[in-house]
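With compact mmCIF, C-alpha atoms inside, this is query_33.txt:
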```txt
# COMPACT_ATOMS: atom_id res chain seq x y z
CA MET A 83 -47.16 53.78 70.98
CA HIS A 84 -49.71 53.46 68.20
CA GLY A 85 -47.03 54.44 65.71
CA MET A 86 -44.88 51.57 66.97
CA VAL A 87 -47.77 49.14 66.56
CA ASN A 88 -48.39 50.41 63.05
CA LYS A 89 -44.79 50.01 62.13
CA LYS A 90 -44.81 46.47 63.51
CA HIS A 91 -47.94 45.65 61.54
CA GLY A 92 -46.50 47.13 58.44
CA ALA A 93 -43.23 45.23 58.77
CA THR A 94 -45.06 41.97 59.45
CA VAL A 95 -47.28 42.38 56.42
CA ILE A 96 -44.37 43.24 54.18
CA LEU A 97 -42.38 40.24 55.41
CA LEU A 98 -45.45 38.06 54.92
CA SER A 99 -45.88 39.40 51.44
CA LEU A 100 -42.27 38.64 50.60
CA LEU A 101 -42.67 35.16 52.07
CA LEU A 102 -45.77 34.58 50.03
CA LEU A 103 -43.99 35.81 46.95
CA GLY A 104 -41.24 33.30 47.60
CA MET A 105 -43.73 30.46 47.89
CA ASP A 106 -45.09 30.77 44.41
CA GLY A 107 -42.21 28.67 43.11
CA ARG A 108 -41.35 30.97 40.23
CA PRO A 109 -37.78 31.91 41.11
CA ARG A 110 -36.72 28.26 41.51
CA GLU A 111 -38.28 27.25 38.19
CA GLY A 112 -36.62 30.23 36.59
CA ASP A 113 -33.30 29.03 37.94
CA GLU A 114 -33.90 25.58 36.59
CA LEU A 115 -34.91 26.93 33.21
CA ARG A 116 -31.77 28.99 33.05
CA GLN A 117 -29.60 26.09 34.18
CA LEU A 118 -31.20 23.75 31.68
CA GLY A 119 -30.71 26.28 28.92
CA GLU A 120 -27.04 26.62 29.77
CA ARG A 121 -26.60 22.86 30.02
CA ARG A 122 -28.30 22.39 26.67
CA ALA A 123 -25.92 24.89 25.05
CA GLN A 124 -22.92 23.20 26.68
CA LEU A 125 -24.06 19.79 25.54
CA ALA A 126 -24.73 20.98 22.01
CA ALA A 127 -21.19 22.39 21.80
CA ARG A 128 -19.74 19.19 23.29
CA ILE A 129 -21.67 17.02 20.85
CA GLU A 130 -20.45 19.11 17.93
CA ALA A 131 -16.84 18.72 19.12
CA LEU A 132 -17.31 14.98 19.63
CA LYS A 133 -18.80 14.59 16.16
CA GLN A 134 -15.85 16.40 14.62
CA GLU A 135 -13.45 14.23 16.57
CA GLN A 136 -15.34 11.16 15.44
CA ASP A 137 -15.09 12.26 11.79
CA PHE A 138 -11.33 12.49 12.18
CA LEU A 139 -11.07 9.15 13.97
CA LEU A 140 -13.22 7.47 11.33
CA PHE A 141 -11.09 9.05 8.61
CA GLN A 142 -7.95 7.59 10.18
CA LYS A 143 -9.66 4.27 10.73
CA SER A 144 -10.65 4.09 7.07
CA PHE A 145 -6.97 4.42 6.11
CA ALA A 146 -5.65 1.97 8.70
CA GLY A 147 -5.90 -0.91 6.27
CA SER A 148 -5.85 1.02 3.02
CA ASP A 149 -3.00 1.18 0.54
CA SER A 150 -3.66 4.83 -0.22
CA LYS A 151 -1.46 7.55 1.15
CA TYR A 152 -3.22 10.56 2.61
CA LEU A 153 -2.56 14.05 3.92
CA LEU A 154 -3.44 15.70 7.21
CA LEU A 155 -3.40 19.48 6.80
CA ASP A 156 -3.49 21.81 9.78
CA LEU A 157 -4.13 25.17 8.13
CA ARG A 158 -4.12 27.07 11.40
CA ALA A 159 -0.68 25.77 12.41
CA GLY A 160 0.68 25.64 8.86
CA LYS A 161 1.70 22.00 9.19
CA GLY A 162 1.02 18.95 7.12
CA VAL A 163 1.76 15.23 7.26
CA LEU A 164 1.91 12.71 4.47
CA LYS A 165 0.84 9.38 5.94
CA TYR A 166 0.51 5.78 4.91
CA ARG A 167 -1.66 3.78 7.27
CA ASN A 168 -0.43 4.81 10.74
CA ARG A 169 3.08 5.71 9.49
CA VAL A 170 4.37 9.22 8.93
CA LEU A 171 6.13 9.42 5.59
CA ARG A 172 6.84 13.12 5.59
CA ASN A 173 6.21 16.22 7.68
CA PHE A 174 6.05 19.56 5.94
CA GLU A 175 5.26 23.16 6.72
CA PHE A 176 3.59 26.00 4.85
CA PRO A 177 2.49 29.56 5.60
CA ARG A 178 -0.37 29.68 8.09
CA ALA A 179 -3.78 30.34 6.57
CA LYS A 180 -5.46 33.70 7.07
CA LYS A 181 -8.69 33.98 9.03
CA ASN A 182 -10.93 34.28 5.97
CA ILE A 183 -9.44 31.08 4.56
CA LEU A 184 -9.87 29.28 7.86
CA SER A 185 -13.53 30.17 7.92
CA ALA A 186 -13.97 29.02 4.32
CA MET A 187 -12.08 25.76 4.87
CA LYS A 188 -13.60 24.28 7.96
CA LYS A 189 -12.92 20.71 8.94
CA SER A 190 -13.52 18.64 5.88
CA VAL A 191 -12.22 15.87 3.69
CA VAL A 192 -11.10 16.81 0.20
CA THR A 193 -10.30 14.47 -2.67
CA LEU A 194 -7.48 14.83 -5.17
CA SER A 195 -9.26 15.41 -8.43
CA GLY A 196 -6.35 16.47 -10.59
CA LYS A 197 -2.58 16.61 -10.87
CA ILE A 198 -1.09 19.26 -13.09
CA ASP A 199 2.41 18.15 -14.02
CA GLY A 200 5.14 20.21 -15.55
CA SER A 201 8.29 21.77 -14.25
CA PRO A 202 8.78 21.29 -10.48
CA ARG A 203 7.62 24.86 -9.89
CA ARG A 204 4.44 24.52 -11.92
CA ARG A 205 3.15 21.28 -10.48
CA GLN A 206 -0.21 21.47 -8.76
CA LEU A 207 -2.38 19.12 -6.78
CA VAL A 208 -6.03 20.11 -7.11
CA PHE A 209 -8.43 18.88 -4.44
CA THR A 210 -12.21 19.25 -4.28
CA ASP A 211 -14.66 19.92 -2.64
CA PRO A 212 -14.13 22.72 -1.53
CA ILE A 213 -11.32 23.55 -3.94
CA LEU A 214 -7.87 23.32 -2.42
CA ILE A 215 -4.73 23.68 -4.50
CA ILE A 216 -1.29 22.63 -3.31
CA GLN A 217 1.46 24.22 -5.35
CA SER A 218 5.04 25.41 -5.14
CA LYS A 219 5.66 28.66 -3.34
CA HIS A 220 7.81 29.59 -6.33
CA ALA A 221 4.97 29.08 -8.80
CA PRO A 222 3.92 32.15 -10.78
CA LEU A 223 1.01 33.81 -9.00
CA SER A 224 -2.33 33.43 -10.69
CA SER A 225 -4.94 36.11 -10.45
CA GLY A 226 -8.51 36.97 -11.36
CA LYS A 227 -10.58 34.13 -12.76
CA ASP A 228 -7.65 31.71 -12.58
CA ARG A 229 -7.37 32.17 -8.86
CA HIS A 230 -10.01 29.78 -7.52
CA GLY A 231 -9.97 28.05 -4.18
CA THR A 232 -7.63 27.98 -1.25
CA ARG A 233 -3.92 27.54 -1.95
CA ILE A 234 -1.22 25.93 0.09
CA LEU A 235 2.27 26.93 -0.93
CA LEU A 236 5.02 24.39 -0.34
CA SER A 237 8.74 24.25 -0.94
CA THR A 238 9.52 22.67 -4.28
CA LYS A 239 11.07 19.65 -2.52
CA ASP A 240 8.01 19.04 -0.33
CA LEU A 241 5.71 19.50 -3.29
CA GLY A 242 7.79 17.09 -5.40
CA ALA A 243 7.62 14.42 -2.72
CA ILE A 244 3.89 14.80 -2.15
CA PHE A 245 3.06 15.22 -5.82
CA PHE A 246 4.29 11.76 -6.74
CA ALA A 247 3.03 10.12 -3.55
CA MET A 248 -0.57 11.16 -4.14
CA GLU A 249 -2.80 9.66 -6.80
CA PRO A 250 -6.11 10.97 -8.12
CA GLY A 251 -8.70 9.93 -5.56
CA SER A 252 -6.25 10.33 -2.67
CA MET A 253 -7.67 12.23 0.25
CA ALA A 254 -6.64 15.04 2.54
CA TYR A 255 -8.18 15.87 5.88
CA ILE A 256 -8.39 19.57 6.67
CA MET A 257 -7.95 20.06 10.39
CA ASP A 258 -9.35 23.16 12.05
CA MET B 46 -57.16 61.93 69.81
CA ILE B 47 -57.99 58.24 70.25
CA SER B 48 -60.24 58.25 67.22
CA ARG B 49 -57.42 59.81 65.21
CA CYS B 50 -55.08 57.11 66.33
CA LYS B 51 -57.63 54.45 65.51
CA GLU B 52 -58.15 56.03 62.15
CA ARG B 53 -54.43 55.92 61.49
CA GLN B 54 -54.33 52.30 62.67
CA VAL B 55 -57.19 51.35 60.39
CA LEU B 56 -55.53 53.14 57.49
CA SER B 57 -52.21 51.46 58.03
CA LEU B 58 -53.94 48.10 58.39
CA CYS B 59 -55.79 48.73 55.14
CA LEU B 60 -52.54 49.64 53.44
CA CYS B 61 -50.83 46.53 54.71
CA ALA B 62 -53.80 44.39 53.80
CA SER B 63 -53.85 45.80 50.30
CA VAL B 64 -50.14 45.02 49.89
CA ALA B 65 -50.73 41.49 51.08
CA LEU B 66 -53.76 41.14 48.81
CA CYS B 67 -51.80 42.38 45.85
CA SER B 68 -49.07 39.88 46.47
CA LEU B 69 -51.61 37.10 46.82
CA LEU B 70 -53.43 38.22 43.70
CA ALA B 71 -50.19 38.27 41.87
CA GLN B 72 -49.61 34.61 42.63
CA PRO B 73 -52.07 33.14 40.17
CA ILE B 74 -50.38 35.06 37.37
CA TYR B 75 -47.03 33.55 38.27
CA ALA B 76 -48.72 30.25 38.86
CA VAL B 77 -49.96 30.27 35.32
CA GLU B 78 -46.41 30.78 34.10
CA ALA B 79 -44.98 28.27 36.53
CA SER B 80 -47.60 25.74 35.70
CA SER B 81 -46.63 25.99 32.08
CA GLU B 82 -44.56 22.86 32.70
CA VAL B 83 -44.55 21.85 29.04
CA PRO B 84 -41.49 23.93 28.06
CA LEU B 85 -39.70 23.02 31.26
CA GLU B 86 -40.50 19.36 30.87
CA LEU B 87 -39.59 19.55 27.22
CA LEU B 88 -36.31 21.21 28.08
CA ARG B 89 -35.58 18.58 30.69
CA ALA B 90 -36.26 15.85 28.15
CA LYS B 91 -34.12 17.58 25.53
CA VAL B 92 -31.22 17.96 27.93
CA ALA B 93 -31.56 14.32 28.97
CA ALA B 94 -31.50 13.28 25.30
CA LEU B 95 -28.43 15.43 24.65
CA GLU B 96 -26.71 13.93 27.70
CA GLN B 97 -27.37 10.48 26.26
CA GLU B 98 -26.13 11.48 22.82
CA ALA B 99 -22.94 12.99 24.26
CA THR B 100 -22.30 9.89 26.37
CA ALA B 101 -22.83 7.63 23.36
CA LEU B 102 -20.46 9.71 21.22
CA GLU B 103 -17.84 9.73 23.97
CA GLU B 104 -18.04 5.95 24.22
CA GLN B 105 -17.81 5.52 20.45
CA ASN B 106 -14.82 7.88 20.21
CA GLN B 107 -13.14 6.13 23.10
CA GLY B 108 -13.51 2.84 21.23
CA LEU B 109 -12.13 4.34 18.03
CA ARG B 110 -9.20 5.94 19.85
CA GLN B 111 -8.42 2.64 21.52
CA MET B 112 -8.59 0.80 18.22
CA LEU B 113 -6.23 3.29 16.55
CA LYS B 114 -3.88 3.18 19.53
CA GLU B 115 -3.68 -0.58 19.31
CA GLN B 116 -2.46 -0.20 15.75
CA GLU B 117 0.33 2.12 16.84
CA ASP B 118 3.66 0.63 17.68
CA ASN B 119 7.08 1.88 18.55
CA GLU B 120 8.77 -0.01 15.76
CA VAL B 121 11.53 1.55 13.71
CA TYR B 122 10.73 1.95 10.00
CA ILE B 123 12.43 3.30 6.90
CA VAL B 124 10.94 5.84 4.52
CA VAL B 125 12.51 6.54 1.13
CA ASP B 126 11.54 9.66 -0.83
CA THR B 127 12.58 8.80 -4.38
CA GLU B 128 11.77 12.27 -5.71
CA ASN B 129 14.28 13.99 -3.42
CA ASN B 130 16.59 11.00 -2.89
CA ARG B 131 16.26 11.03 0.87
CA LEU B 132 16.00 8.14 3.30
CA THR B 133 14.56 8.66 6.76
CA LEU B 134 14.77 6.23 9.64
CA ARG B 135 11.78 6.85 11.90
CA GLN B 136 10.38 5.57 15.14
CA GLY B 137 6.86 6.78 15.76
CA ASN B 138 7.03 10.53 15.19
CA LYS B 139 10.77 10.68 15.87
CA VAL B 140 13.31 10.93 13.08
CA LEU B 141 16.38 8.85 13.96
CA LEU B 142 18.34 9.41 10.76
CA THR B 143 18.07 11.34 7.53
CA ALA B 144 20.40 10.23 4.74
CA VAL B 145 21.10 11.43 1.23
CA VAL B 146 20.71 8.39 -1.00
CA GLY B 147 20.68 7.31 -4.62
CA THR B 148 17.55 5.81 -6.15
CA GLY B 149 16.51 4.34 -9.50
CA SER B 150 17.73 6.26 -12.58
CA ARG B 151 14.32 6.03 -14.29
CA GLN B 152 16.13 5.06 -17.46
CA PHE B 153 15.08 2.48 -19.97
CA ILE B 154 17.32 0.03 -21.84
CA GLU B 155 16.44 -2.58 -24.41
CA GLU B 156 18.30 -5.63 -25.63
CA GLU B 157 18.41 -6.56 -29.33
CA THR B 158 16.18 -9.52 -28.53
CA GLY B 159 13.52 -7.14 -27.26
CA ARG B 160 14.12 -7.71 -23.56
CA ASN B 161 13.97 -4.39 -21.75
CA TRP B 162 14.46 -2.90 -18.32
CA TYR B 163 13.28 0.26 -16.64
CA PHE B 164 15.42 1.24 -13.66
CA GLU B 165 13.06 2.48 -11.02
CA SER B 166 13.13 1.92 -7.28
CA PRO B 167 10.21 -0.25 -6.20
CA LEU B 168 7.45 1.94 -4.78
CA GLY B 169 5.18 0.84 -1.97
CA SER B 170 5.42 -1.01 1.29
CA LEU B 171 8.34 -3.45 1.52
CA THR B 172 10.01 -5.40 4.31
CA VAL B 173 13.62 -6.02 5.24
CA LEU B 174 13.87 -9.71 4.43
CA GLY B 175 17.52 -10.18 5.34
CA LYS B 176 20.72 -8.48 6.41
CA GLU B 177 24.14 -9.07 4.87
CA ARG B 178 27.69 -8.18 5.80
CA ASN B 179 30.14 -7.72 2.93
CA PRO B 180 27.48 -8.36 0.32
CA VAL B 181 28.40 -9.78 -3.03
CA TRP B 182 26.82 -8.48 -6.22
CA ILE B 183 25.67 -11.09 -8.70
CA ARG B 184 25.66 -9.16 -11.95
CA PRO B 185 22.28 -9.42 -13.63
CA ASP B 186 21.77 -9.64 -17.38
CA TRP B 187 20.98 -5.93 -17.76
CA SER B 188 24.43 -5.05 -16.40
CA TYR B 189 26.00 -6.76 -19.41
CA VAL B 190 23.43 -5.40 -21.86
CA GLU B 191 24.05 -1.90 -20.56
CA GLU B 192 27.75 -2.24 -21.32
CA ASN B 193 27.17 -3.96 -24.65
CA MET B 194 28.77 -7.14 -23.36
CA PRO B 195 27.65 -10.65 -24.07
CA VAL B 196 25.45 -12.04 -21.32
CA PRO B 197 27.17 -15.02 -19.66
CA ALA B 198 25.51 -18.16 -18.35
CA GLU B 199 23.43 -17.80 -15.21
CA ASN B 200 25.99 -19.45 -12.90
CA ASP B 201 29.05 -17.99 -14.58
CA PRO B 202 31.60 -16.99 -11.89
CA ASP B 203 32.20 -13.78 -13.84
CA ARG B 204 28.88 -12.57 -12.44
CA ILE B 205 30.21 -12.51 -8.86
CA VAL B 206 31.51 -9.06 -8.00
CA ARG B 207 32.84 -8.21 -4.53
CA GLU B 208 33.25 -4.89 -2.71
CA VAL B 209 30.91 -2.80 -4.84
CA LEU B 210 27.90 -2.81 -2.50
CA GLY B 211 29.67 -1.49 0.60
CA LYS B 212 30.03 -3.27 3.92
CA TYR B 213 26.36 -3.97 4.55
CA ALA B 214 23.13 -4.61 2.71
CA LEU B 215 19.47 -4.83 3.68
CA ILE B 216 17.60 -7.23 1.40
CA LEU B 217 14.18 -6.03 0.17
CA GLY B 218 13.39 -8.88 -2.23
CA ASN B 219 13.15 -9.18 -6.03
CA GLY B 220 16.83 -8.25 -6.31
CA TYR B 221 16.39 -4.88 -4.58
CA LYS B 222 18.60 -3.88 -1.65
CA ILE B 223 19.59 -0.95 0.47
CA HIS B 224 23.38 -1.03 0.18
CA GLY B 225 26.57 1.01 0.02
CA THR B 226 28.19 2.44 -3.08
CA LYS B 227 31.53 3.38 -4.53
CA TYR B 228 29.92 6.32 -6.29
CA THR B 229 29.39 8.51 -3.24
CA ASP B 230 29.57 11.65 -5.42
CA LEU B 231 26.30 10.59 -7.02
CA LEU B 232 24.37 10.29 -3.75
CA GLY B 233 21.38 12.62 -3.90
CA THR B 234 20.72 11.77 -7.56
CA HIS B 235 18.83 9.13 -9.50
CA PHE B 236 21.69 6.90 -10.55
CA THR B 237 20.98 3.34 -9.43
CA HIS B 238 19.31 0.45 -11.18
CA GLY B 239 16.54 0.44 -8.59
CA CYS B 240 18.40 -0.29 -5.36
CA ILE B 241 18.77 2.36 -2.67
CA SER B 242 22.42 3.40 -2.37
CA VAL B 243 23.55 4.85 0.94
CA GLY B 244 26.81 6.40 2.21
CA ASP B 245 29.02 4.30 4.49
CA LYS B 246 28.27 5.97 7.86
CA ASP B 247 24.52 6.09 7.30
CA LEU B 248 24.56 2.50 6.07
CA GLU B 249 26.32 1.34 9.23
CA LYS B 250 23.74 3.06 11.44
CA LEU B 251 20.92 1.60 9.37
CA TYR B 252 22.38 -1.87 9.55
CA LYS B 253 22.83 -1.69 13.31
CA THR B 254 19.39 -0.25 14.01
CA VAL B 255 17.20 -2.12 11.58
CA LYS B 256 15.98 -5.67 12.19
CA ILE B 257 14.72 -8.29 9.81
CA GLY B 258 11.02 -7.53 9.39
CA THR B 259 11.45 -3.76 9.53
CA LYS B 260 9.02 -2.01 7.21
CA VAL B 261 10.36 0.07 4.31
CA TYR B 262 8.04 2.59 2.67
CA ILE B 263 9.26 3.82 -0.69
CA TYR B 264 7.33 6.61 -2.38
```
Can the structure in the file be given as structure tokens, please?
Amino acid sequence: MHGMVNKKHGATVILLSLLLLGMDGRPREGDELRQLGERRAQLAARIEALKQEQDFLLFQKSFAGSDSKYLLLDLRAGKGVLKYRNRVLRNFEFPRAKKNILSAMKKSVVTLSGKIDGSPRRRQLVFTDPILIIQSKHAPLSSGKDRHGTRILLSTKDLGAIFFAMEPGSMAYIMD
Amino acid sequence: MISRCKERQVLSLCLCASVALCSLLAQPIYAVEASSEVPLELLRAKVAALEQEATALEEQNQGLRQMLKEQEDNEVYIVVDTENNRLTLRQGNKVLLTAVVGTGSRQFIEEETGRNWYFESPLGSLTVLGKERNPVWIRPDWSYVEENMPVPAENDPDRIVREVLGKYALILGNGYKIHGTKYTDLLGTHFTHGCISVGDKDLEKLYKTVKIGTKVYIY
């Protein structure tokens, strides 16, 4: 009988203790903290994505009324577009970039700083900054100190078309 | 026996009381943490600010997207690649026609008087200003100079030449046209005096598809 009473007392006190523990408010605040932390991380990622999208939209907007032709280069997909205002002048393809190149060439705008003319296979378009070189896939391979920057290798026809369409100062948008 | 039971009861009560006391004593410690509302409040404020920033960016991007979309149209346009001698008829991102064409020879001639001509297709953004069936070629001065012939008067009937420009022509202005040619073997090369020469079938499709006002981008 007494044992039963003791057990009842014990159970009551333990339940009371648990109840009291629950009333201190800590678990709910902890939940909120965690939720806020997650939300903050989500929002930060969303804002970053929106900023990148805005960069691209502003880039296109800046060319909407411009007389300069420009390139959109999707290194991941290995696709490029030569555009004038909102018109596509030429689509072209090139070998997809490797992971290390993708990480080095994040979304950015590069400017054509030099055109190296010569035979169709030796023509080069040199963009900065970072350095990006568009050349023929049949061009002799450079190595060592000569091999700076990221290279996009095009068919000689595509390169010929783009080479003469772009002027120093022309821009290319690197898409991620 | 009773005293033993009482003793047990007292002990168990003490044990339970101590558990309860511990849990109560523990509360102020948590309360200190919980009452540290500065980081929580700060976090709430930061999240609210980020929400605002994201909303503002979304609105701005929406406006930009809308603006760019308004500039898009579904109009047909012509693109000429003078390096590779290719003409493309496009509508949005669709390619309606790709044709092998002839473009300016990039050659230079000079008359004894010093007048000179450089035969290059006009680069840039042009517009189809007119459409012609059975176009007539009015021979310009350079045509005579090129063949070492005396240049006739401006309205000399000798200048009128029929059936050399194909069945159709699209007028681009300044004497430049997209037209047919008798020299179909030369399509794909730089052989014209600046006009864009097109084969018969492609020319017919171009003529039927293109309207006056169609944009022509030559690069």
- Query: Residues at most 7 Å from Gly169 (chain B), counting all atoms listed in the file, excluding those fewer than 3 positions away in the same chain, as a list in words?
  - Reply: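 Near Gly169 (chain B), the qualifying residues are Tyr262, Ile263 and Tyr264 of chain B.
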For C-alpha atoms, I'd like the residues from the last selection saved as a PDB file, in the coordinates of the input.
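File part35.pdb, as written:
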```pdb
ATOM      1  CA  TYR B 262       8.040   2.590   2.670  1.00  0.00           C
ATOM      2  CA  ILE B 263       9.260   3.820  -0.690  1.00  0.00           C
ATOM      3  CA  TYR B 264       7.330   6.610  -2.380  1.00  0.00           C
TER       4      TYR B 264
END
```
- Quick one: pull the distance between CA of Ile183 (chain A) and CA of Gly251 (chain A), Å, one decimal.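 Those two atoms sit 23.5 Å apart.
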- Task: Compare B:Met194, B:Ile216, B:Val124, B:Ile154 by their minimum atom-to-atom distance to Gly137 (chain B), counting only C-alpha atoms, and give me the closest one.
- Result: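 Nearest candidate to Gly137 (chain B) out of B:Met194, B:Ile216, B:Val124, B:Ile154: B:Val124.
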Please list as a PDB file with C-alpha atoms, in the frame of the given file every residue within 12 Å of Leu134 (chain B), counting all atoms listed in the file and excluding residues in the same chain fewer than 4 positions away.
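That gives us around.pdb:
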```
ATOM      1  CA  ARG A 169       3.080   5.710   9.490  1.00  0.00           C
ATOM      2  CA  VAL A 170       4.370   9.220   8.930  1.00  0.00           C
ATOM      3  CA  LEU A 171       6.130   9.420   5.590  1.00  0.00           C
ATOM      4  CA  ARG A 172       6.840  13.120   5.590  1.00  0.00           C
TER       5      ARG A 172
ATOM      6  CA  GLU B 120       8.770  -0.010  15.760  1.00  0.00           C
ATOM      7  CA  VAL B 121      11.530   1.550  13.710  1.00  0.00           C
ATOM      8  CA  TYR B 122      10.730   1.950  10.000  1.00  0.00           C
ATOM      9  CA  ILE B 123      12.430   3.300   6.900  1.00  0.00           C
ATOM     10  CA  VAL B 124      10.940   5.840   4.520  1.00  0.00           C
ATOM     11  CA  VAL B 125      12.510   6.540   1.130  1.00  0.00           C
ATOM     12  CA  ASP B 126      11.540   9.660  -0.830  1.00  0.00           C
ATOM     13  CA  ASN B 138       7.030  10.530  15.190  1.00  0.00           C
ATOM     14  CA  LYS B 139      10.770  10.680  15.870  1.00  0.00           C
ATOM     15  CA  VAL B 140      13.310  10.930  13.080  1.00  0.00           C
ATOM     16  CA  LEU B 141      16.380   8.850  13.960  1.00  0.00           C
ATOM     17  CA  LEU B 142      18.340   9.410  10.760  1.00  0.00           C
ATOM     18  CA  THR B 143      18.070  11.340   7.530  1.00  0.00           C
ATOM     19  CA  ALA B 144      20.400  10.230   4.740  1.00  0.00           C
ATOM     20  CA  VAL B 145      21.100  11.430   1.230  1.00  0.00           C
ATOM     21  CA  ASP B 247      24.520   6.090   7.300  1.00  0.00           C
ATOM     22  CA  LEU B 248      24.560   2.500   6.070  1.00  0.00           C
ATOM     23  CA  LYS B 250      23.740   3.060  11.440  1.00  0.00           C
ATOM     24  CA  LEU B 251      20.920   1.600   9.370  1.00  0.00           C
ATOM     25  CA  TYR B 252      22.380  -1.870   9.550  1.00  0.00           C
ATOM     26  CA  LYS B 253      22.830  -1.690  13.310  1.00  0.00           C
ATOM     27  CA  THR B 254      19.390  -0.250  14.010  1.00  0.00           C
ATOM     28  CA  VAL B 255      17.200  -2.120  11.580  1.00  0.00           C
ATOM     29  CA  THR B 259      11.450  -3.760   9.530  1.00  0.00           C
ATOM     30  CA  LYS B 260       9.020  -2.010   7.210  1.00  0.00           C
ATOM     31  CA  VAL B 261      10.360   0.070   4.310  1.00  0.00           C
ATOM     32  CA  TYR B 262       8.040   2.590   2.670  1.00  0.00           C
ATOM     33  CA  ILE B 263       9.260   3.820  -0.690  1.00  0.00           C
TER      34      ILE B 263
END
```
- Smallest atom-to-atom distance to Ile215 (chain A): which of A:Arg167, A:Leu118, A:Thr193, A:Pro202, using all atoms listed in the file?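 Nearest candidate to Ile215 (chain A) out of A:Arg167, A:Leu118, A:Thr193, A:Pro202: A:Thr193.
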